[in-house]
>>> print(open('final-v6.txt').read())   # compact mmCIF, C-alpha atoms
# COMPACT_ATOMS: atom_id res chain seq x y z
CA GLN A 278 72.59 160.47 132.98
CA LEU A 279 74.05 160.95 129.47
CA PRO A 280 77.17 162.65 128.07
CA GLY A 281 76.58 166.27 129.01
CA HIS A 282 72.83 165.83 129.45
CA PHE A 283 70.66 165.26 132.49
CA ILE A 284 67.03 164.62 133.34
CA ILE A 285 65.86 166.58 136.37
CA LEU A 286 63.26 164.48 138.18
CA ILE A 287 61.36 166.25 140.96
CA LEU A 288 58.99 164.11 143.03
CA SER A 289 56.77 165.28 145.83
CA LEU A 290 53.59 164.83 147.81
CA VAL A 291 51.42 167.95 147.42
CA PRO A 292 48.33 168.67 149.53
CA LEU A 293 45.05 168.99 147.63
CA VAL A 294 42.06 170.89 148.96
CA SER A 295 38.90 168.81 148.43
CA SER A 296 35.27 168.73 149.55
CA GLN A 297 34.82 164.97 149.15
CA ASP A 298 32.91 162.90 151.66
CA GLN A 299 34.23 164.23 154.96
CA VAL A 300 32.33 161.67 157.00
CA HIS A 301 34.01 158.83 155.16
CA CYS A 302 37.46 160.32 155.79
CA ASN A 303 36.72 160.79 159.50
CA SER A 304 35.95 157.07 159.83
CA LEU A 305 39.45 156.02 158.73
CA LEU A 306 41.71 155.54 161.73
CA THR A 307 45.17 154.96 160.23
CA CYS A 308 47.31 156.91 157.81
CA ASP A 309 47.60 153.94 155.45
CA GLU A 310 43.79 153.60 155.20
CA CYS A 311 43.30 157.33 154.90
CA ILE A 312 45.48 158.05 151.91
CA SER A 313 44.69 154.72 150.20
CA SER A 314 41.02 155.60 149.71
CA PRO A 315 40.80 156.07 145.92
CA LEU A 316 37.25 157.52 145.72
CA PHE A 317 37.73 160.20 148.37
CA SER A 318 40.19 163.06 148.70
CA CYS A 319 41.29 162.18 152.19
CA SER A 320 44.41 163.57 153.84
CA TRP A 321 46.19 162.63 157.05
CA CYS A 322 47.55 164.91 159.76
CA GLY A 323 50.63 163.43 161.38
CA ASN A 324 51.07 166.19 163.94
CA LYS A 325 51.00 164.79 167.52
CA ALA A 326 49.74 168.03 169.10
CA TYR A 327 46.83 168.07 166.64
CA ALA A 328 45.92 164.46 167.48
CA GLU A 329 45.92 165.23 171.22
CA GLN A 330 43.01 167.65 170.63
CA TYR A 331 40.89 164.66 169.56
CA TYR A 332 40.28 166.05 166.10
CA PRO A 333 39.94 163.41 163.34
CA SER A 334 43.40 162.86 161.88
CA CYS A 335 41.85 161.82 158.55
CA ASP A 336 39.89 164.57 156.82
CA THR A 337 39.98 166.80 153.78
CA SER A 338 43.17 168.82 153.59
CA THR A 339 41.15 172.04 153.88
CA SER A 340 39.54 170.92 157.13
CA LEU A 341 42.87 169.78 158.57
CA LYS A 342 44.49 173.14 157.87
CA ASP A 343 41.45 175.05 159.17
CA ARG A 344 41.78 173.18 162.51
CA GLY A 345 45.45 174.07 162.77
CA CYS A 346 47.33 171.08 161.38
CA PRO A 347 50.66 172.35 159.99
CA GLU A 348 50.80 171.98 156.22
CA LEU A 349 54.11 170.13 156.39
CA ASP A 350 52.45 167.42 158.52
CA ILE A 351 49.66 166.76 156.03
CA THR A 352 50.01 163.70 153.75
CA THR A 353 47.67 163.81 150.76
CA ALA A 354 46.67 161.22 148.16
CA ASP A 355 47.08 163.07 144.87
CA SER A 356 48.85 162.40 141.58
CA PHE A 357 49.96 164.27 138.49
CA ILE A 358 52.98 164.47 136.18
CA SER A 359 54.30 167.45 134.25
CA ALA A 360 57.17 166.98 131.77
CA SER A 361 58.99 169.74 129.89
CA GLY A 362 62.22 170.65 128.13
CA SER A 363 64.39 168.82 125.62
CA SER A 364 67.99 168.70 124.46
CA ARG A 365 69.92 167.22 121.57
CA ALA A 366 70.15 163.86 123.36
CA VAL A 367 67.20 163.54 125.74
CA SER A 368 63.56 164.61 126.12
CA PRO A 369 62.10 165.61 128.52
CA THR A 370 64.82 167.20 130.62
CA ARG A 371 62.55 168.15 133.55
CA VAL A 372 59.77 166.12 135.17
CA VAL A 373 57.67 167.19 138.15
CA ALA A 374 55.59 164.37 139.64
CA THR A 375 53.16 164.27 142.53
CA VAL A 376 52.64 160.67 143.60
CA THR A 377 49.60 158.91 145.03
CA PRO A 378 50.22 155.81 147.16
CA ASN A 379 49.54 152.54 145.33
CA LEU A 380 48.86 154.37 142.07
CA ARG A 381 51.62 154.19 139.49
CA LYS A 382 52.28 157.16 137.22
CA SER A 383 54.46 156.81 134.17
CA PHE A 384 56.08 158.95 131.53
CA GLU A 385 58.28 158.33 128.51
CA ILE A 386 61.89 159.38 128.01
CA LYS A 387 63.35 159.62 124.51
CA VAL A 388 67.11 159.25 124.14
CA SER A 389 68.97 160.01 120.90
CA PRO A 390 72.70 159.45 120.31
CA PRO A 391 74.24 162.80 119.30
CA PRO A 392 76.38 162.92 116.14
CA ARG A 393 79.45 160.73 116.56
CA GLU A 394 81.90 163.59 116.28
CA PHE A 395 80.56 164.99 119.56
CA TYR A 396 81.56 161.88 121.53
CA PRO A 397 84.88 162.29 123.35
CA VAL A 398 87.25 159.29 123.31
CA ASP A 399 89.75 158.41 126.08
CA ILE A 400 92.13 155.52 125.24
CA TYR A 401 94.70 154.31 127.76
CA MET A 402 97.41 151.97 126.43
CA LEU A 403 98.63 149.53 129.07
CA PHE A 404 101.86 147.74 128.17
CA ASP A 405 103.31 144.56 129.69
CA ASN A 406 106.78 145.88 130.49
CA THR A 407 108.61 142.54 130.88
CA GLN A 408 111.69 141.46 128.91
CA SER A 409 109.66 139.06 126.75
CA MET A 410 107.76 142.08 125.39
CA SER A 411 110.91 143.93 124.29
CA PRO A 412 110.25 143.31 120.55
CA TYR A 413 106.95 145.17 120.89
CA ILE A 414 108.04 148.43 122.55
CA ASP A 415 108.30 150.33 119.27
CA ILE A 416 105.01 148.83 118.10
CA ALA A 417 103.22 149.85 121.31
CA THR A 418 104.49 153.43 121.35
CA GLY A 419 103.79 153.73 117.62
CA MET A 420 100.28 152.49 118.27
CA ALA A 421 99.74 155.24 120.85
CA VAL A 422 100.68 157.97 118.36
CA SER A 423 98.68 156.42 115.53
CA MET A 424 95.70 155.85 117.81
CA LEU A 425 95.50 159.56 118.64
CA LYS A 426 95.71 160.62 115.00
CA PHE A 427 93.20 157.98 113.94
CA THR A 428 90.57 158.69 116.59
CA SER A 429 90.88 162.42 115.91
CA SER A 430 89.52 161.69 112.44
CA PHE A 431 86.10 160.73 113.82
CA SER A 432 85.99 162.45 117.23
CA ASN A 433 86.69 166.09 117.98
CA ALA A 434 87.86 165.33 121.54
CA SER A 435 90.13 162.27 121.57
CA ARG A 436 93.03 161.64 123.97
CA VAL A 437 95.52 158.81 124.47
CA GLY A 438 97.63 157.87 127.52
CA PHE A 439 100.22 155.22 128.30
CA GLY A 440 101.03 153.04 131.31
CA THR A 441 103.20 150.01 132.08
CA PHE A 442 103.19 147.10 134.54
CA VAL A 443 105.30 144.10 135.49
CA GLU A 444 104.79 142.40 138.85
CA LYS A 445 104.66 142.88 142.61
CA GLU A 446 108.14 143.82 143.87
CA THR A 447 108.45 141.02 146.40
CA ILE A 448 109.64 137.41 146.64
CA PRO A 449 108.58 135.01 145.10
CA PHE A 450 107.22 137.16 142.28
CA HIS A 451 110.38 139.23 141.84
CA PHE A 452 113.97 138.94 143.09
CA ASN A 453 115.57 142.37 143.03
CA GLN A 454 119.13 141.14 143.42
CA ASP A 455 122.09 141.48 141.06
CA GLY A 456 122.90 138.31 139.19
CA ASP A 457 119.48 136.75 139.57
CA HIS A 458 118.55 137.63 135.99
CA ASP A 459 120.16 137.82 132.63
CA PHE A 460 118.21 141.08 132.31
CA PRO A 461 118.15 142.73 135.73
CA GLY A 462 115.61 145.52 135.94
CA VAL A 463 113.19 147.28 138.19
CA SER A 464 109.80 145.65 138.64
CA HIS A 465 106.63 147.65 139.25
CA SER A 466 102.96 146.76 139.59
CA PHE A 467 101.78 149.81 137.66
CA ARG A 468 103.29 153.05 136.42
CA ASN A 469 101.39 155.91 134.81
CA VAL A 470 103.97 156.88 132.20
CA LEU A 471 101.84 159.48 130.43
CA PRO A 472 98.34 160.66 131.44
CA LEU A 473 95.70 161.08 128.76
CA THR A 474 96.76 163.79 126.32
CA SER A 475 95.95 165.16 122.89
CA ASP A 476 99.61 166.18 122.36
CA SER A 477 101.13 163.82 119.78
CA ASN A 478 104.63 165.12 120.53
CA LEU A 479 104.44 163.73 124.07
CA LEU A 480 103.34 160.36 122.74
CA GLU A 481 106.17 160.26 120.19
CA GLY A 482 108.73 160.61 123.00
CA LEU A 483 107.39 157.59 124.92
CA VAL A 484 109.83 155.05 123.50
CA ASN A 485 112.78 156.80 125.18
CA THR A 486 111.18 156.63 128.65
CA ILE A 487 110.41 152.90 128.90
CA ILE A 488 112.82 150.70 130.88
CA LEU A 489 112.00 147.00 130.83
CA GLY A 490 111.46 145.15 134.12
CA THR A 491 111.59 141.52 135.21
CA ASN A 492 109.61 138.98 137.17
CA ASP A 493 110.18 135.39 138.27
CA ASP A 494 106.97 133.56 137.49
CA GLN A 495 104.76 133.24 134.44
CA PRO A 496 101.65 135.20 135.54
CA GLU A 497 101.88 138.98 135.77
CA ASN A 498 100.06 141.78 137.55
CA VAL A 499 97.53 142.44 134.79
CA LEU A 500 94.32 142.85 136.82
CA GLU A 501 95.78 145.15 139.48
CA ALA A 502 97.41 147.31 136.79
CA ILE A 503 94.14 147.72 134.91
CA LEU A 504 92.27 148.54 138.13
CA GLN A 505 94.82 151.20 139.09
CA SER A 506 94.63 152.72 135.63
CA VAL A 507 90.83 152.85 135.99
CA ALA A 508 90.65 153.96 139.65
CA CYS A 509 93.12 156.86 139.40
CA HIS A 510 90.73 159.33 137.77
CA GLU A 511 92.68 162.52 138.41
CA GLU A 512 96.11 161.02 137.79
CA ILE A 513 95.13 159.41 134.46
CA LYS A 514 92.90 162.45 133.68
CA TRP A 515 89.86 160.36 132.77
CA ARG A 516 86.70 162.20 131.96
CA GLU A 517 83.61 161.08 133.87
CA PRO A 518 82.39 157.51 133.11
CA PHE A 519 79.43 158.67 131.03
CA GLU A 520 81.03 161.77 129.53
CA SER A 521 83.31 159.89 127.14
CA TYR A 522 83.91 156.48 125.65
CA ARG A 523 86.75 155.03 127.65
CA MET A 524 88.96 152.23 126.39
CA VAL A 525 91.89 150.37 127.93
CA VAL A 526 94.07 148.71 125.30
CA LEU A 527 96.15 146.00 127.03
CA MET A 528 99.21 144.43 125.39
CA THR A 529 100.56 141.32 127.12
CA ASP A 530 102.03 137.89 126.36
CA SER A 531 101.16 136.32 129.70
CA GLU A 532 98.40 135.22 132.04
CA PHE A 533 97.42 137.08 135.22
CA HIS A 534 97.60 136.76 139.00
CA TYR A 535 94.37 137.07 141.02
CA ALA A 536 93.15 137.09 144.64
CA LEU A 537 94.89 134.75 147.12
CA ASP A 538 98.03 134.48 144.97
CA GLY A 539 99.47 137.20 147.21
CA ARG A 540 99.57 134.73 150.12
CA LEU A 541 102.66 133.21 148.51
CA ALA A 542 104.39 136.42 149.58
CA GLY A 543 102.58 136.70 152.92
CA ILE A 544 100.17 139.35 151.59
CA VAL A 545 96.71 138.72 153.08
CA GLN A 546 95.01 142.15 153.03
CA PRO A 547 92.31 142.22 150.31
CA ASN A 548 92.63 144.73 147.53
CA ASN A 549 90.65 147.91 148.31
CA LEU A 550 90.35 148.96 144.64
CA LYS A 551 91.46 152.51 145.50
CA CYS A 552 93.99 154.59 143.64
CA SER A 553 97.38 154.42 145.38
CA LEU A 554 99.87 156.30 143.22
CA GLU A 555 102.85 158.30 144.39
CA GLN A 556 104.92 159.99 141.70
CA ASP A 557 102.83 158.07 139.16
CA THR A 558 103.82 154.66 140.59
CA TYR A 559 101.59 152.21 142.51
CA VAL A 560 102.81 152.01 146.11
CA ASN A 561 100.53 149.42 147.78
CA SER A 562 101.83 146.47 145.80
CA GLY A 563 103.40 144.76 148.79
CA ALA A 564 100.54 145.56 151.18
CA GLN A 565 97.47 144.39 149.27
CA ASP A 566 96.60 141.14 147.55
CA TYR A 567 95.78 140.93 143.87
CA PRO A 568 92.13 141.79 143.10
CA SER A 569 89.64 138.99 142.65
CA ILE A 570 88.17 138.35 139.23
CA LEU A 571 84.76 139.54 140.45
CA GLN A 572 86.26 142.76 141.84
CA PHE A 573 88.01 143.36 138.56
CA LEU A 574 85.01 142.75 136.31
CA THR A 575 82.68 144.78 138.52
CA GLN A 576 84.97 147.83 138.44
CA VAL A 577 85.36 147.59 134.67
CA LEU A 578 81.57 147.71 134.38
CA VAL A 579 81.11 150.48 136.95
CA GLU A 580 83.74 152.66 135.31
CA ASN A 581 82.24 152.11 131.85
CA ILE A 582 85.49 150.77 130.39
CA LEU A 583 85.65 149.08 126.98
CA PRO A 584 88.62 146.66 127.13
CA VAL A 585 90.69 145.71 124.08
CA ILE A 586 93.15 142.88 124.80
CA ILE A 587 96.12 142.27 122.50
CA THR A 588 97.66 138.99 123.59
CA ASP A 589 99.61 135.93 122.55
CA GLY A 590 97.66 133.06 121.00
CA ASP A 591 98.40 130.84 124.01
CA PHE A 592 96.27 133.07 126.27
CA ARG A 593 93.48 134.19 123.97
CA GLU A 594 90.97 131.73 125.44
CA LEU A 595 91.93 132.76 128.98
CA TYR A 596 91.09 136.42 128.36
CA GLU A 597 87.95 135.59 126.41
CA GLU A 598 86.75 133.48 129.35
CA LEU A 599 87.64 136.26 131.78
CA PHE A 600 85.26 138.72 130.16
CA SER A 601 82.57 136.14 129.38
CA ILE A 602 81.93 135.58 133.12
CA ILE A 603 79.67 138.62 133.04
CA SER A 604 78.43 140.48 130.01
CA ILE A 605 80.73 143.35 129.03
CA GLU A 606 79.63 144.96 125.79
CA ASN A 607 82.21 145.42 123.03
CA THR A 608 85.04 143.59 124.83
CA THR A 609 87.52 142.49 122.19
CA VAL A 610 90.39 140.02 122.42
CA ILE A 611 92.67 140.05 119.36
CA LEU A 612 95.95 138.37 118.52
CA THR A 613 97.44 140.76 116.04
CA THR A 614 100.01 143.51 116.51
CA ASP A 615 99.16 144.79 113.04
CA LEU A 616 98.37 148.48 113.37
CA THR A 617 95.74 148.53 110.64
CA GLU A 618 93.76 145.71 112.22
CA LEU A 619 93.97 147.32 115.66
CA MET A 620 92.68 150.66 114.30
CA THR A 621 89.83 148.89 112.54
CA THR A 622 88.92 147.14 115.79
CA VAL A 623 88.95 150.40 117.78
CA GLN A 624 86.81 152.16 115.18
CA GLU A 625 84.28 149.31 115.14
CA ILE A 626 84.00 149.45 118.93
CA TYR A 627 83.53 153.21 118.81
CA LEU A 628 80.90 153.09 116.08
CA VAL A 629 78.88 150.50 118.00
CA ALA A 630 79.28 152.41 121.27
CA SER A 631 78.28 155.72 119.71
CA THR A 632 74.96 154.28 118.51
CA ARG A 633 73.81 153.07 121.90
CA SER A 634 71.80 154.87 124.52
CA LEU A 635 73.65 154.77 127.81
CA PRO A 636 71.83 153.22 130.79
CA ILE A 637 69.54 155.59 132.64
CA ILE A 638 70.76 155.84 136.23
CA LEU A 639 67.93 156.22 138.74
CA PRO A 640 68.52 157.95 142.08
CA GLU A 641 68.44 155.89 145.24
CA ASP A 642 65.42 156.77 147.37
CA ASP A 643 63.87 155.08 150.40
CA VAL A 644 60.42 156.50 149.69
CA ILE A 645 59.94 156.87 145.92
CA GLN A 646 59.88 153.60 143.92
CA TYR A 647 60.90 153.35 140.26
CA GLU A 648 60.63 150.84 137.45
CA LEU A 649 62.33 151.43 134.11
CA SER A 650 61.52 149.56 130.91
CA VAL A 651 62.46 149.91 127.24
CA VAL A 652 59.48 150.69 125.01
CA ASP A 653 61.26 150.92 121.66
CA CYS A 654 64.90 150.86 120.57
CA GLY A 655 64.19 152.96 117.49
CA GLY A 656 65.54 150.41 115.05
CA GLY A 657 68.36 149.32 117.35
CA GLN A 658 68.77 146.26 119.56
CA LEU A 659 67.88 145.83 123.23
CA VAL A 660 70.57 144.96 125.78
CA ALA A 661 68.46 143.44 128.55
CA GLU A 662 71.20 143.36 131.21
CA THR A 663 71.70 147.12 131.18
CA LYS A 664 68.24 148.17 129.92
CA SER A 665 69.85 150.09 127.07
CA CYS A 666 69.79 150.04 123.28
CA VAL A 667 72.62 149.64 120.77
CA GLY A 668 72.77 150.23 117.04
CA ILE A 669 70.34 153.15 117.08
CA PRO A 670 70.24 154.62 113.54
CA ARG A 671 71.06 158.26 113.03
CA ASN A 672 68.12 160.63 113.46
CA SER A 673 66.34 157.98 115.53
CA SER A 674 65.85 157.57 119.28
CA ALA A 675 65.23 154.96 121.97
CA THR A 676 62.09 155.30 124.09
CA TYR A 677 61.97 154.33 127.77
CA LYS A 678 59.04 154.22 130.20
CA LEU A 679 59.65 155.21 133.79
CA GLU A 680 56.97 154.32 136.36
CA VAL A 681 56.93 156.12 139.70
CA TRP A 682 54.97 155.19 142.82
CA LEU A 683 55.08 154.79 146.58
CA THR A 684 53.25 152.65 149.11
CA PRO A 685 51.04 154.13 151.86
CA GLU A 686 53.56 152.97 154.45
CA GLN A 687 56.30 154.94 152.72
CA ALA A 688 54.15 158.03 152.40
CA CYS A 689 53.02 157.90 156.03
CA SER A 690 56.56 157.42 157.34
CA ARG A 691 57.96 160.53 155.68
>>> encode(input="final-v6.txt", output="structure tokens")
Amino acid sequence: QLPGHFIILILSLVPLVSSQDQVHCNSLLTCDECISSPLFSCSWCGNKAYAEQYYPSCDTSTSLKDRGCPELDITTADSFISASGSSRAVSPTRVVATVTPNLRKSFEIKVSPPPREFYPVDIYMLFDNTQSMSPYIDIATGMAVSMLKFTSSFSNASRVGFGTFVEKETIPFHFNQDGDHDFPGVSHSFRNVLPLTSDSNLLEGLVNTIILGTNDDQPENVLEAILQSVACHEEIKWREPFESYRMVVLMTDSEFHYALDGRLAGIVQPNNLKCSLEQDTYVNSGAQDYPSILQFLTQVLVENILPVIITDGDFRELYEELFSIISIENTTVILTTDLTELMTTVQEIYLVASTRSLPIILPEDDVIQYELSVVDCGGGQLVAETKSCVGIPRNSSATYKLEVWLTPEQACSR
């Protein structure tokens, strides 16, 4: 599946009329033996009423039908592939395959990155809304406006959104009592301040809507906030995972809580990773534990998110280690709040991302078996973990080979 492009793969078992050695077919007593005979066009009738008449269940498909075996109950060993159609990004777009048990059939798929200006960009700014980040409010909101204008210069469909987070609103992470803080404020685990938009006027008004919050320990609710921003598709207005390049730009000066930390507040229910927003604010903060690191990283991969982390020098290694646990392409951890450097970083990520072929997603099937391999990256580089290519030059394409097969047992159990 690619941005706006699909391969239609139709697989079937089609009966074939043959006059091959009928005596040989009649001697085969099981379905597996019958359709695994490579030199003979044998077919198997799986109809119980037919078998009760003591006719041979293994015969040519013509003989089986002539004796009354329903066509839908006939399993035939036959194989061919027909490919057709092409689009700007993928060829072929339609494949019809008839599969013979134990015989693999393969075909090639060519994938070309469309021109960069056709790639939509969704960037969600996620701001650590604690008092220690107060000097950076103007910088963060200014970044949101500048990010939209900048990305619009190389993409014809860019959008930027903005969210904030602090901490779970419960003791010992937050004391919501007057006099407990020099800067009393309202804590929240995640708030969707502004969904993704292409309206720069809305982004320019952000600075007037942000009210700083407080928490009582050093770590903050970073992972849960990112997961909510990723999971709430409709509320954030994300496009589909493989219909745009999706970035979360996190600004924080602190480390993060993770699974089991919630037990300090008596919270033992694991995080379910589901969107739980009411009036744009996360409402399950006190009911669910923080997500585990594995949960977090898995969802970032599944949702096709490219993280950019802007953090204090004290925590740079922490965030670099977080994303090095599993391979996440184009993850960037930077220390600067300099707008020019941030824009350069975002553009570099986009340019790399827009020259890669996205992973080909194969359908799940209990009968048909698949194996995908990369034949040629067209001048780009292979990413073995995702079986995709990056750095594909313009006017070039990556070539994949898809093998399709099934075992006799699978064919006979259909």
>>> residues_around(input="final-v6.txt", residues="Ser521 of chain A", least_positions_apart="5", cutoff="8 Å", atoms="all atoms listed in the file", output="list of chain:residue names")
A:Pro280, A:Tyr396, A:Pro397, A:Val398, A:Asp399, A:Arg516
>>> residues_around(input="final-v6.txt", residues="Ala536 of chain A", least_positions_apart="5", cutoff="10 Å", atoms="all atoms listed in the file", output="list in words")
Leu500, Glu501, Val545, Gln546, Pro547, Asn548, Gln565, Asp566, Tyr567, Pro568, Ser569, Ile570, Leu571 and Gln572 of chain A
>>> atom_distance(input="final-v6.txt", atom1="atom CA of Val525 of chain A", atom2="atom CA of Tyr401 of chain A")
4.8 Å
>>> residues_near_point(input="final-v6.txt", point="(60.4, 165.3, 134.2)", cutoff="12 Å", atoms="all atoms listed in the file", output="PDB file with C-alpha atoms, keeping the file's coordinate frame")
ATOM      1  CA  PHE A 283      70.660 165.260 132.490  1.00  0.00           C
ATOM      2  CA  ILE A 284      67.030 164.620 133.340  1.00  0.00           C
ATOM      3  CA  ILE A 285      65.860 166.580 136.370  1.00  0.00           C
ATOM      4  CA  LEU A 286      63.260 164.480 138.180  1.00  0.00           C
ATOM      5  CA  ILE A 287      61.360 166.250 140.960  1.00  0.00           C
ATOM      6  CA  LEU A 288      58.990 164.110 143.030  1.00  0.00           C
ATOM      7  CA  PHE A 357      49.960 164.270 138.490  1.00  0.00           C
ATOM      8  CA  ILE A 358      52.980 164.470 136.180  1.00  0.00           C
ATOM      9  CA  SER A 359      54.300 167.450 134.250  1.00  0.00           C
ATOM     10  CA  ALA A 360      57.170 166.980 131.770  1.00  0.00           C
ATOM     11  CA  SER A 361      58.990 169.740 129.890  1.00  0.00           C
ATOM     12  CA  GLY A 362      62.220 170.650 128.130  1.00  0.00           C
ATOM     13  CA  SER A 363      64.390 168.820 125.620  1.00  0.00           C
ATOM     14  CA  VAL A 367      67.200 163.540 125.740  1.00  0.00           C
ATOM     15  CA  SER A 368      63.560 164.610 126.120  1.00  0.00           C
ATOM     16  CA  PRO A 369      62.100 165.610 128.520  1.00  0.00           C
ATOM     17  CA  THR A 370      64.820 167.200 130.620  1.00  0.00           C
ATOM     18  CA  ARG A 371      62.550 168.150 133.550  1.00  0.00           C
ATOM     19  CA  VAL A 372      59.770 166.120 135.170  1.00  0.00           C
ATOM     20  CA  VAL A 373      57.670 167.190 138.150  1.00  0.00           C
ATOM     21  CA  ALA A 374      55.590 164.370 139.640  1.00  0.00           C
ATOM     22  CA  THR A 375      53.160 164.270 142.530  1.00  0.00           C
ATOM     23  CA  LYS A 382      52.280 157.160 137.220  1.00  0.00           C
ATOM     24  CA  SER A 383      54.460 156.810 134.170  1.00  0.00           C
ATOM     25  CA  PHE A 384      56.080 158.950 131.530  1.00  0.00           C
ATOM     26  CA  GLU A 385      58.280 158.330 128.510  1.00  0.00           C
ATOM     27  CA  ILE A 386      61.890 159.380 128.010  1.00  0.00           C
ATOM     28  CA  LYS A 387      63.350 159.620 124.510  1.00  0.00           C
ATOM     29  CA  LYS A 678      59.040 154.220 130.200  1.00  0.00           C
ATOM     30  CA  LEU A 679      59.650 155.210 133.790  1.00  0.00           C
ATOM     31  CA  GLU A 680      56.970 154.320 136.360  1.00  0.00           C
ATOM     32  CA  VAL A 681      56.930 156.120 139.700  1.00  0.00           C
TER      33      VAL A 681
END
>>> residues_near_point(input="final-v6.txt", point="(49.3, 160.9, 160.3)", cutoff="6 Å", atoms="all atoms listed in the file", output="VMD selection string")
chain A and resid 308 321 to 323
>>> residues_around(input="final-v6.txt", residues="Phe450 of chain A", least_positions_apart="2", cutoff="12 Å", atoms="all atoms listed in the file", output="ChimeraX atom specification")
/A:443-448,452-453,464-466,491-498,534,538-544,562-563
>>> atom_distance(input="final-v6.txt", atom1="atom CA of Asn433 of chain A", atom2="atom CA of Gly482 of chain A")
23.3 Å
>>> closest_residue(input="final-v6.txt", among="A:Gln299, A:Thr529, A:Thr588, A:Thr486", to="Cys319 of chain A", atoms="only C-alpha atoms")
A:Gln299
>>> atom_distance(input="final-v6.txt", atom1="atom CA of Ser340 of chain A", atom2="atom CA of Asn303 of chain A")
10.8 Å
>>> closest_residue(input="final-v6.txt", among="A:Leu659, A:Ile487, A:Leu578, A:Val300", to="Val507 of chain A", atoms="all atoms listed in the file")
A:Leu578
>>> closest_residue(input="final-v6.txt", among="A:Ala326, A:Cys335, A:Leu341, A:Ile587", to="Thr307 of chain A", atoms="only C-alpha atoms")
A:Cys335
>>> closest_residue(input="final-v6.txt", among="A:Tyr331, A:Ser432, A:Leu480, A:Val577", to="Met402 of chain A", atoms="all atoms listed in the file")
A:Leu480
>>> closest_residue(input="final-v6.txt", among="A:Lys426, A:Ser435, A:Thr474, A:Asn549", to="Asn561 of chain A", atoms="only C-alpha atoms")
A:Asn549
>>> closest_residue(input="final-v6.txt", among="A:Cys302, A:Leu403, A:Phe533, A:Tyr413", to="Leu595 of chain A", atoms="only C-alpha atoms")
A:Phe533
>>> decode(input="final-v6.txt", residues="segment 647-657 of chain A", atoms="N, CA, C and O atoms", output="PDB file, in the first residue's frame")
ATOM      1  N   TYR A 647       3.023 -16.066   1.166  1.00  0.00           N
ATOM      2  CA  TYR A 647       3.752 -15.041   0.439  1.00  0.00           C
ATOM      3  C   TYR A 647       5.193 -14.965   0.935  1.00  0.00           C
ATOM      4  O   TYR A 647       5.479 -15.262   2.089  1.00  0.00           O
ATOM      5  N   GLU A 648       6.077 -14.521   0.059  1.00  0.00           N
ATOM      6  CA  GLU A 648       7.429 -14.156   0.466  1.00  0.00           C
ATOM      7  C   GLU A 648       7.887 -12.986  -0.385  1.00  0.00           C
ATOM      8  O   GLU A 648       7.911 -13.063  -1.619  1.00  0.00           O
ATOM      9  N   LEU A 649       8.235 -11.891   0.276  1.00  0.00           N
ATOM     10  CA  LEU A 649       8.623 -10.660  -0.411  1.00  0.00           C
ATOM     11  C   LEU A 649      10.123 -10.443  -0.267  1.00  0.00           C
ATOM     12  O   LEU A 649      10.685 -10.625   0.811  1.00  0.00           O
ATOM     13  N   SER A 650      10.774 -10.067  -1.349  1.00  0.00           N
ATOM     14  CA  SER A 650      12.201  -9.755  -1.300  1.00  0.00           C
ATOM     15  C   SER A 650      12.484  -8.544  -2.177  1.00  0.00           C
ATOM     16  O   SER A 650      11.727  -8.241  -3.109  1.00  0.00           O
ATOM     17  N   VAL A 651      13.561  -7.842  -1.871  1.00  0.00           N
ATOM     18  CA  VAL A 651      13.972  -6.682  -2.666  1.00  0.00           C
ATOM     19  C   VAL A 651      14.959  -7.148  -3.726  1.00  0.00           C
ATOM     20  O   VAL A 651      15.989  -7.748  -3.418  1.00  0.00           O
ATOM     21  N   VAL A 652      14.646  -6.890  -4.985  1.00  0.00           N
ATOM     22  CA  VAL A 652      15.528  -7.262  -6.087  1.00  0.00           C
ATOM     23  C   VAL A 652      16.563  -6.182  -6.337  1.00  0.00           C
ATOM     24  O   VAL A 652      17.759  -6.437  -6.478  1.00  0.00           O
ATOM     25  N   ASP A 653      16.090  -4.919  -6.364  1.00  0.00           N
ATOM     26  CA  ASP A 653      16.981  -3.807  -6.700  1.00  0.00           C
ATOM     27  C   ASP A 653      16.407  -2.526  -6.123  1.00  0.00           C
ATOM     28  O   ASP A 653      15.206  -2.267  -6.261  1.00  0.00           O
ATOM     29  N   CYS A 654      17.238  -1.740  -5.460  1.00  0.00           N
ATOM     30  CA  CYS A 654      16.777  -0.472  -4.885  1.00  0.00           C
ATOM     31  C   CYS A 654      16.932   0.700  -5.847  1.00  0.00           C
ATOM     32  O   CYS A 654      16.749   1.863  -5.445  1.00  0.00           O
ATOM     33  N   GLY A 655      17.262   0.438  -7.081  1.00  0.00           N
ATOM     34  CA  GLY A 655      17.291   1.501  -8.085  1.00  0.00           C
ATOM     35  C   GLY A 655      18.254   2.624  -7.773  1.00  0.00           C
ATOM     36  O   GLY A 655      17.974   3.793  -8.050  1.00  0.00           O
ATOM     37  N   GLY A 656      19.398   2.289  -7.192  1.00  0.00           N
ATOM     38  CA  GLY A 656      20.361   3.322  -6.832  1.00  0.00           C
ATOM     39  C   GLY A 656      20.235   3.789  -5.401  1.00  0.00           C
ATOM     40  O   GLY A 656      21.053   4.574  -4.920  1.00  0.00           O
ATOM     41  N   GLY A 657      19.204   3.311  -4.694  1.00  0.00           N
ATOM     42  CA  GLY A 657      19.025   3.660  -3.287  1.00  0.00           C
ATOM     43  C   GLY A 657      19.639   2.618  -2.378  1.00  0.00           C
ATOM     44  O   GLY A 657      20.414   1.760  -2.816  1.00  0.00           O
TER      45      GLY A 657
END
